[in-house]
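A.B. asks: This is the structure, below, for whatever I ask next.
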Amino acid sequence: MLKASDLFVKSLEKAGVKYIFGIPGEENLDFLDSLKRSKIKMIVTRHEQAAGFMAATVGRLTGKVGVCLSTLGPGATNFTTPAAYAQLGAMPMLMITGQKPYRNNMQGQFQIVDVVGMMKPLTKFTKKITKNEQISEILDRALQLAEEERQGPTHIELPEDIAGENTTSKAFNTKSSKPKPASKQAIQNAIKKILQVKTQKQAYSEQVPSCLSLLPNKQSKMQ
Amino acid sequence: MSKSASKQAIQNAIKMIKGAKRPLILLGMGANKNNLSALLTAFLKKTGIYFLNTQMGKGAIDERSPQFLGTAALSANDHVHFAVEDSDLVIAIGHDVYEKPPFIMKKNGAKVIHINYYTSQDPKVYFPQLEVIGDVQTTLKTLTKSIKNQANWDQKCFKTVRDDVMQNMDAGSKENKFIPQRIIADIRKVMPDDGIITLDNGMYKIWFARHYRAYQSNTILLDNALATMGAGLPSAIAAKLLYPKRKIVAICGDGGFMMNSQELETAVRLRLDILVIILNDNAFGMIKWKQKNLGFKDYSLDLGNPNFIEYARSYGAHGCKVKDPNELVKMMKKCMNMGGVHLIEVPIDYSLNHIVSPQELKSNVAPCKINQ
Ligand SMILES: Cc1ncc(C[n+]2csc(CCOP(=O)(O)OP(=O)(O)O)c2C)c(N)n1
């Protein structure tokens, strides 16, 4: 089994993300742990606004999405200015913010702000993940929309309970380009197979992320 | 990948450009994306058309080009605008109405062809007569193939405007004062061709847009869309992470720098080689300037500041203050060769801001007889 945050990070890795800028909060700890075991470098800043500007600048200079991370409420509100910066400047950027547990939150309304709502006018796409099975699809969409002209910011909210769950989904292999329709032949083959295999339980192979290198990134001088 | 623009739209553009008398090229922020530089340069060379750019379009074509007319840092009345007034067709490539208008379109003024990946319009300031929407690379290739310099084009006035702009661009660059023109000339001298300066927002941004010649795409990163303060240092850090071998200098006002100055710690922790230049006027200079222009009394915009040198040092960065204009080049070289995080404070002299104030700009005289 793969942890949902591992799946998320693995997918970002596959999309070519090299840096994530931000300030984690307790709601991001699973995600942070997944980052630790990935090739992506976490650049911790001293203010989320600065992290957002950095992510937007990565998008601006590379044409590929720049990514930033924050906790819920207070961290997420600090992303509003960089969101506007990326929106008006047409810079591809993905903001990932944490949230209290989706299912069983025992902290009342503590720190809760409608971040998805707040991001609506500032982004091309903003979405809360409520099931781990949605991660690939939502992430793919967020990356694609950010990089599609007119480029701009997108936002995903990842609640802490979902981040920590195990998932049977697989990391998608995005180049964040628009998926092409499958060929007719492939569809025909698929139909054949489905008809052949009447009741075969889908055996999800346990997909352990490959090369979860613990080696320090060579480019960096941080170590 | 974006789809190509329709053949019809491209053909219409070719017809309009060939039939125009005084076409101009305007490069907007999109010109700095998707590796367009080489294609833009080829189009420029083949046609011989003069060009201007927006603040965010700087560098997409080398500004040392003899066809460069300057940057429209303001929306009207600057020297470069005489060229726009003389023109009957502006070929706008990559412009986006989120940028501060590089000029205001007039109903009876120059027509505009909008070339970009997407549409962009504003009923009051930018309403192109023709849009060529789609993959800009393909559009540029076709235009370059189909258009050469036309005998019916009259570029006399543009040539005169260019001479005028170039003279202004270099005026003051050798004066022994901390005026923007001198500081900018010195920074340009030290920056390698591919070195990147990242600006914050403030009065000096207008000066840099007008006087700093960008040689390569995305070598002057500034924000003239949201035009927020505080992005100068963070964007320098991001640029350095992406391009560890290139020289990166953040240039901030004292106001903008203090909005995200805590990121000095991030730069030190990441052991980046970054130079931060603070142009200090102990004020929110741009707002002070606008306050004065609009006839308001001087009020509330002067600031106190930390001792920037000690402030930088407290983060483990190096800090120094330039006391004589002749020191800046030397100091910059020293800091950049040494590596690490450096801060140089420059006491900027804003006594010449009146040059770019609307009242004074209006009194500029056209260097040639405008054709309209
Ligand atoms: C976040 C933000 N707040 C306020 C402004 C309005 N504003 C534009 S320029 C400026 C002053 C900038 O002062 P400084 O950084 O010292 O540069 P200077 O104008 O003195 O060169 C202000 C307050 C803004 N653009 N962004």
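Please note that chains go A, B, ... in the order of the structure tokens, that every chain numbers its residues from 1, and that ligands are numbered from 1 in the order shown.
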Restrict the calculation to only C-alpha atoms and all ligand atoms, then for each residue of chain B with any atom at most 9 Å from an atom of ligand 1 give the closest atom pair and their distance in Å to one decimal, rows by chain and rising residue number, as JSON lines.
C.D. replies:
{"residue": "B:Asp200", "atom": "CA", "partner": "ligand 1", "partner_atom_place_in_ligand_line": "15 (O)", "distance": 6.9}
{"residue": "B:Asn201", "atom": "CA", "partner": "ligand 1", "partner_atom_place_in_ligand_line": "9 (S)", "distance": 5.3}
{"residue": "B:Gly202", "atom": "CA", "partner": "ligand 1", "partner_atom_place_in_ligand_line": "19 (O)", "distance": 3.4}
{"residue": "B:Met203", "atom": "CA", "partner": "ligand 1", "partner_atom_place_in_ligand_line": "19 (O)", "distance": 3.8}
{"residue": "B:Tyr204", "atom": "CA", "partner": "ligand 1", "partner_atom_place_in_ligand_line": "21 (O)", "distance": 4.7}
{"residue": "B:Lys205", "atom": "CA", "partner": "ligand 1", "partner_atom_place_in_ligand_line": "21 (O)", "distance": 7.2}
{"residue": "B:Leu226", "atom": "CA", "partner": "ligand 1", "partner_atom_place_in_ligand_line": "25 (N)", "distance": 7.7}
{"residue": "B:Ala227", "atom": "CA", "partner": "ligand 1", "partner_atom_place_in_ligand_line": "25 (N)", "distance": 5.3}
{"residue": "B:Thr228", "atom": "CA", "partner": "ligand 1", "partner_atom_place_in_ligand_line": "26 (N)", "distance": 3.9}
{"residue": "B:Met229", "atom": "CA", "partner": "ligand 1", "partner_atom_place_in_ligand_line": "26 (N)", "distance": 4.1}
{"residue": "B:Gly230", "atom": "CA", "partner": "ligand 1", "partner_atom_place_in_ligand_line": "1 (C)", "distance": 6.5}
{"residue": "B:Cys252", "atom": "CA", "partner": "ligand 1", "partner_atom_place_in_ligand_line": "15 (O)", "distance": 6.1}
{"residue": "B:Gly253", "atom": "CA", "partner": "ligand 1", "partner_atom_place_in_ligand_line": "15 (O)", "distance": 3.5}
{"residue": "B:Asp254", "atom": "CA", "partner": "ligand 1", "partner_atom_place_in_ligand_line": "16 (O)", "distance": 4.1}
{"residue": "B:Gly255", "atom": "CA", "partner": "ligand 1", "partner_atom_place_in_ligand_line": "15 (O)", "distance": 3.4}
{"residue": "B:Gly256", "atom": "CA", "partner": "ligand 1", "partner_atom_place_in_ligand_line": "15 (O)", "distance": 3.7}
{"residue": "B:Phe257", "atom": "CA", "partner": "ligand 1", "partner_atom_place_in_ligand_line": "15 (O)", "distance": 6.4}
{"residue": "B:Met258", "atom": "CA", "partner": "ligand 1", "partner_atom_place_in_ligand_line": "15 (O)", "distance": 8.0}
{"residue": "B:Met259", "atom": "CA", "partner": "ligand 1", "partner_atom_place_in_ligand_line": "1 (C)", "distance": 7.9}
{"residue": "B:Ile278", "atom": "CA", "partner": "ligand 1", "partner_atom_place_in_ligand_line": "16 (O)", "distance": 8.8}
{"residue": "B:Leu279", "atom": "CA", "partner": "ligand 1", "partner_atom_place_in_ligand_line": "21 (O)", "distance": 6.8}
{"residue": "B:Asn280", "atom": "CA", "partner": "ligand 1", "partner_atom_place_in_ligand_line": "16 (O)", "distance": 6.6}
{"residue": "B:Asp281", "atom": "CA", "partner": "ligand 1", "partner_atom_place_in_ligand_line": "20 (O)", "distance": 5.7}
{"residue": "B:Asn282", "atom": "CA", "partner": "ligand 1", "partner_atom_place_in_ligand_line": "16 (O)", "distance": 6.7}
{"residue": "B:Ala283", "atom": "CA", "partner": "ligand 1", "partner_atom_place_in_ligand_line": "16 (O)", "distance": 5.3}
{"residue": "B:Phe284", "atom": "CA", "partner": "ligand 1", "partner_atom_place_in_ligand_line": "13 (O)", "distance": 3.5}
{"residue": "B:Gly285", "atom": "CA", "partner": "ligand 1", "partner_atom_place_in_ligand_line": "20 (O)", "distance": 3.1}
{"residue": "B:Met286", "atom": "CA", "partner": "ligand 1", "partner_atom_place_in_ligand_line": "19 (O)", "distance": 3.6}
{"residue": "B:Ile287", "atom": "CA", "partner": "ligand 1", "partner_atom_place_in_ligand_line": "10 (C)", "distance": 5.5}
{"residue": "B:Lys288", "atom": "CA", "partner": "ligand 1", "partner_atom_place_in_ligand_line": "19 (O)", "distance": 7.8}
{"residue": "B:Trp289", "atom": "CA", "partner": "ligand 1", "partner_atom_place_in_ligand_line": "19 (O)", "distance": 8.1}
{"residue": "B:Leu301", "atom": "CA", "partner": "ligand 1", "partner_atom_place_in_ligand_line": "23 (C)", "distance": 8.5}
{"residue": "B:Leu303", "atom": "CA", "partner": "ligand 1", "partner_atom_place_in_ligand_line": "16 (O)", "distance": 8.6}
{"residue": "B:Ile348", "atom": "CA", "partner": "ligand 1", "partner_atom_place_in_ligand_line": "21 (O)", "distance": 8.3}
{"residue": "B:Tyr350", "atom": "CA", "partner": "ligand 1", "partner_atom_place_in_ligand_line": "21 (O)", "distance": 8.4}
A.B. asks: With C-alpha atoms retained, export the selected residues as a compact mmCIF listing (two decimals), in the first residue's frame.
C.D. replies:
# COMPACT_ATOMS: atom_id res chain seq x y z
CA ASP B 200 10.71 44.92 -6.32
CA ASN B 201 8.07 47.58 -6.84
CA GLY B 202 8.77 51.26 -6.45
CA MET B 203 9.80 54.46 -8.14
CA TYR B 204 13.07 53.01 -9.33
CA LYS B 205 11.21 50.35 -11.36
CA LEU B 226 -0.10 43.02 -9.92
CA ALA B 227 2.83 45.35 -9.26
CA THR B 228 3.15 44.14 -5.72
CA MET B 229 5.92 45.05 -3.35
CA GLY B 230 7.90 42.28 -1.70
CA CYS B 252 14.80 46.68 -3.94
CA GLY B 253 13.57 49.90 -2.44
CA ASP B 254 13.85 50.17 1.32
CA GLY B 255 10.07 49.80 1.47
CA GLY B 256 9.75 46.70 -0.68
CA PHE B 257 12.82 45.04 0.78
CA MET B 258 11.42 45.27 4.30
CA MET B 259 8.27 43.44 3.22
CA ILE B 278 18.84 48.46 -1.60
CA LEU B 279 18.10 51.81 -3.13
CA ASN B 280 17.37 53.68 0.03
CA ASP B 281 15.42 56.92 0.12
CA ASN B 282 13.96 56.28 3.60
CA ALA B 283 10.49 56.60 2.14
CA PHE B 284 7.74 54.99 0.13
CA GLY B 285 9.22 56.98 -2.72
CA MET B 286 6.78 56.23 -5.49
CA ILE B 287 3.76 57.22 -3.44
CA LYS B 288 5.56 60.32 -2.24
CA TRP B 289 6.18 61.22 -5.85
CA LEU B 301 5.39 58.58 3.66
CA LEU B 303 10.24 55.95 6.91
CA ILE B 348 19.37 56.92 -4.05
CA TYR B 350 15.33 60.96 -6.45
A.B. asks: Which polymer residues have any atom within 7 Å of an atom of range 123-129 of chain A, counting only C-alpha atoms, with same-chain residues fewer than 5 positions away left out, as an MDAnalysis selection string?
C.D. replies: chainID A and resid 83 87 116 134:135 142 145 152:158
A.B. asks: Write the residues you've just listed into a file as a PDB file, in the first residue's frame, and include N, CA and C atoms for each of them.
C.D. replies:
ATOM      1  N   ALA A  83      -0.878  34.398  -5.218  1.00  0.00           N
ATOM      2  CA  ALA A  83      -1.882  33.865  -6.148  1.00  0.00           C
ATOM      3  C   ALA A  83      -2.251  34.948  -7.151  1.00  0.00           C
ATOM      4  N   GLN A  87      -1.609  35.053 -11.076  1.00  0.00           N
ATOM      5  CA  GLN A  87      -2.791  35.198 -11.938  1.00  0.00           C
ATOM      6  C   GLN A  87      -2.633  36.365 -12.909  1.00  0.00           C
ATOM      7  N   VAL A 116     -10.725  27.118  -0.074  1.00  0.00           N
ATOM      8  CA  VAL A 116     -11.107  26.854  -1.466  1.00  0.00           C
ATOM      9  C   VAL A 116     -11.953  28.017  -2.002  1.00  0.00           C
ATOM     10  N   GLN A 134      -9.169  10.451  -5.359  1.00  0.00           N
ATOM     11  CA  GLN A 134      -9.278  11.598  -6.278  1.00  0.00           C
ATOM     12  C   GLN A 134      -7.936  12.257  -6.568  1.00  0.00           C
ATOM     13  N   ILE A 135      -6.927  11.882  -5.789  1.00  0.00           N
ATOM     14  CA  ILE A 135      -5.675  12.642  -5.843  1.00  0.00           C
ATOM     15  C   ILE A 135      -5.142  12.783  -7.268  1.00  0.00           C
ATOM     16  N   ALA A 142      -5.125  20.095 -11.989  1.00  0.00           N
ATOM     17  CA  ALA A 142      -4.522  21.331 -11.463  1.00  0.00           C
ATOM     18  C   ALA A 142      -3.229  21.671 -12.212  1.00  0.00           C
ATOM     19  N   LEU A 145      -4.199  22.686 -15.985  1.00  0.00           N
ATOM     20  CA  LEU A 145      -4.808  24.005 -16.120  1.00  0.00           C
ATOM     21  C   LEU A 145      -3.801  25.111 -15.846  1.00  0.00           C
ATOM     22  N   GLY A 152      -1.523  30.228 -15.269  1.00  0.00           N
ATOM     23  CA  GLY A 152      -1.888  30.893 -14.018  1.00  0.00           C
ATOM     24  C   GLY A 152      -1.869  29.938 -12.841  1.00  0.00           C
ATOM     25  N   PRO A 153      -2.360  30.393 -11.693  1.00  0.00           N
ATOM     26  CA  PRO A 153      -2.298  29.586 -10.477  1.00  0.00           C
ATOM     27  C   PRO A 153      -3.481  28.637 -10.304  1.00  0.00           C
ATOM     28  N   THR A 154      -3.216  27.513  -9.638  1.00  0.00           N
ATOM     29  CA  THR A 154      -4.272  26.594  -9.241  1.00  0.00           C
ATOM     30  C   THR A 154      -4.031  26.226  -7.774  1.00  0.00           C
ATOM     31  N   HIS A 155      -5.037  25.628  -7.166  1.00  0.00           N
ATOM     32  CA  HIS A 155      -4.933  25.352  -5.730  1.00  0.00           C
ATOM     33  C   HIS A 155      -5.574  24.016  -5.373  1.00  0.00           C
ATOM     34  N   ILE A 156      -4.903  23.274  -4.508  1.00  0.00           N
ATOM     35  CA  ILE A 156      -5.479  22.029  -3.996  1.00  0.00           C
ATOM     36  C   ILE A 156      -5.409  22.037  -2.477  1.00  0.00           C
ATOM     37  N   GLU A 157      -6.524  21.679  -1.849  1.00  0.00           N
ATOM     38  CA  GLU A 157      -6.528  21.543  -0.394  1.00  0.00           C
ATOM     39  C   GLU A 157      -6.484  20.060  -0.051  1.00  0.00           C
ATOM     40  N   LEU A 158      -5.519  19.700   0.761  1.00  0.00           N
ATOM     41  CA  LEU A 158      -5.331  18.291   1.127  1.00  0.00           C
ATOM     42  C   LEU A 158      -5.487  18.135   2.641  1.00  0.00           C
TER      43      LEU A 158
END
A.B. asks: Could you list, as a PyMOL selection string, the residues of chain A having an atom within 9 Å of chain B when counting only C-alpha atoms?
C.D. replies: chain A and resi 19+43-47+49-58+60-63+81-82+84-90+148-150+177-178+219-222
A.B. asks: Would you mind listing what lies within 7 Å of range 62-72 of chain B as a PyMOL selection string, with only C-alpha atoms counted and same-chain residues fewer than 6 positions away left out?
C.D. replies: chain B and resi 49-55+80+102+162+165+209-210+213-216
A.B. asks: With C-alpha atoms kept, could you save the residues just selected as a PDB file, in the first residue's frame?
C.D. replies:
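Writing done, so here's part15.pdb:
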ATOM      1  CA  ILE B  49      10.591  46.949 -38.381  1.00  0.00           C
ATOM      2  CA  TYR B  50      11.349  49.037 -35.287  1.00  0.00           C
ATOM      3  CA  PHE B  51      10.179  47.782 -31.906  1.00  0.00           C
ATOM      4  CA  LEU B  52       9.281  48.938 -28.444  1.00  0.00           C
ATOM      5  CA  ASN B  53       8.425  46.799 -25.447  1.00  0.00           C
ATOM      6  CA  THR B  54       6.425  46.830 -22.258  1.00  0.00           C
ATOM      7  CA  GLN B  55       8.180  46.631 -18.906  1.00  0.00           C
ATOM      8  CA  VAL B  80       8.909  56.388 -27.134  1.00  0.00           C
ATOM      9  CA  PRO B 102       2.200  50.661 -22.813  1.00  0.00           C
ATOM     10  CA  ARG B 162      15.141  56.269 -31.654  1.00  0.00           C
ATOM     11  CA  VAL B 165      15.288  57.929 -26.875  1.00  0.00           C
ATOM     12  CA  ALA B 209      12.388  49.984 -17.261  1.00  0.00           C
ATOM     13  CA  ARG B 210      13.367  53.140 -19.169  1.00  0.00           C
ATOM     14  CA  ARG B 213      19.083  47.667 -21.451  1.00  0.00           C
ATOM     15  CA  ALA B 214      18.133  44.000 -21.258  1.00  0.00           C
ATOM     16  CA  TYR B 215      20.168  41.778 -23.567  1.00  0.00           C
ATOM     17  CA  GLN B 216      18.412  38.454 -23.066  1.00  0.00           C
TER      18      GLN B 216
END
A.B. asks: If I take CA of Val346 in chain B and CA of Tyr243 in chain B, how far is one from the other in Å, to one decimal?
C.D. replies: 26.2 Å
A.B. asks: Between CA of Ala171 in chain B and CA of Ala73 in chain B, measure the distance and give it in Å to one decimal.
C.D. replies: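 Atom-to-atom, CA of Ala171 in chain B to CA of Ala73 in chain B, that is 16.9 Å.
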A.B. asks: What residues in range 190-237 of chain B get the DSSP label strand (DSSP E)? Please answer as a list in words.
C.D. replies: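 Filtering range 190-237 of chain B to strand (DSSP E) leaves Ile196, Ile197, Thr198, Leu199, Ile220 and Leu221 of chain B.
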A.B. asks: Just to confirm, what's the straight-line distance from CA of Arg313 in chain B to CA of Pro180 in chain B in Å (one decimal)?
C.D. replies: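 Computed distance, CA of Arg313 in chain B to CA of Pro180 in chain B, equals 26.2 Å.
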A.B. asks: Using only C-alpha atoms, determine which residues lie at most 10 Å from Asp33 in chain A, disregarding the query and same-chain residues fewer than 6 positions distant; provide the list as a PDB file with N, CA, C and O atoms, in the first residue's frame.
C.D. replies:
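Just written: selection-v4.pdb:
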ATOM      1  N   SER A   5      -0.210  10.654   0.714  1.00  0.00           N
ATOM      2  CA  SER A   5       0.734  11.762   0.503  1.00  0.00           C
ATOM      3  C   SER A   5       1.925  11.313  -0.344  1.00  0.00           C
ATOM      4  O   SER A   5       2.490  12.094  -1.101  1.00  0.00           O
ATOM      5  N   ASP A   6       2.289  10.015  -0.223  1.00  0.00           N
ATOM      6  CA  ASP A   6       3.354   9.480  -1.088  1.00  0.00           C
ATOM      7  C   ASP A   6       2.921   9.524  -2.543  1.00  0.00           C
ATOM      8  O   ASP A   6       3.686   9.883  -3.430  1.00  0.00           O
ATOM      9  N   VAL A   9       3.051  13.099  -3.796  1.00  0.00           N
ATOM     10  CA  VAL A   9       4.419  13.571  -4.031  1.00  0.00           C
ATOM     11  C   VAL A   9       5.040  12.859  -5.229  1.00  0.00           C
ATOM     12  O   VAL A   9       5.706  13.462  -6.065  1.00  0.00           O
TER      13      VAL A   9
END
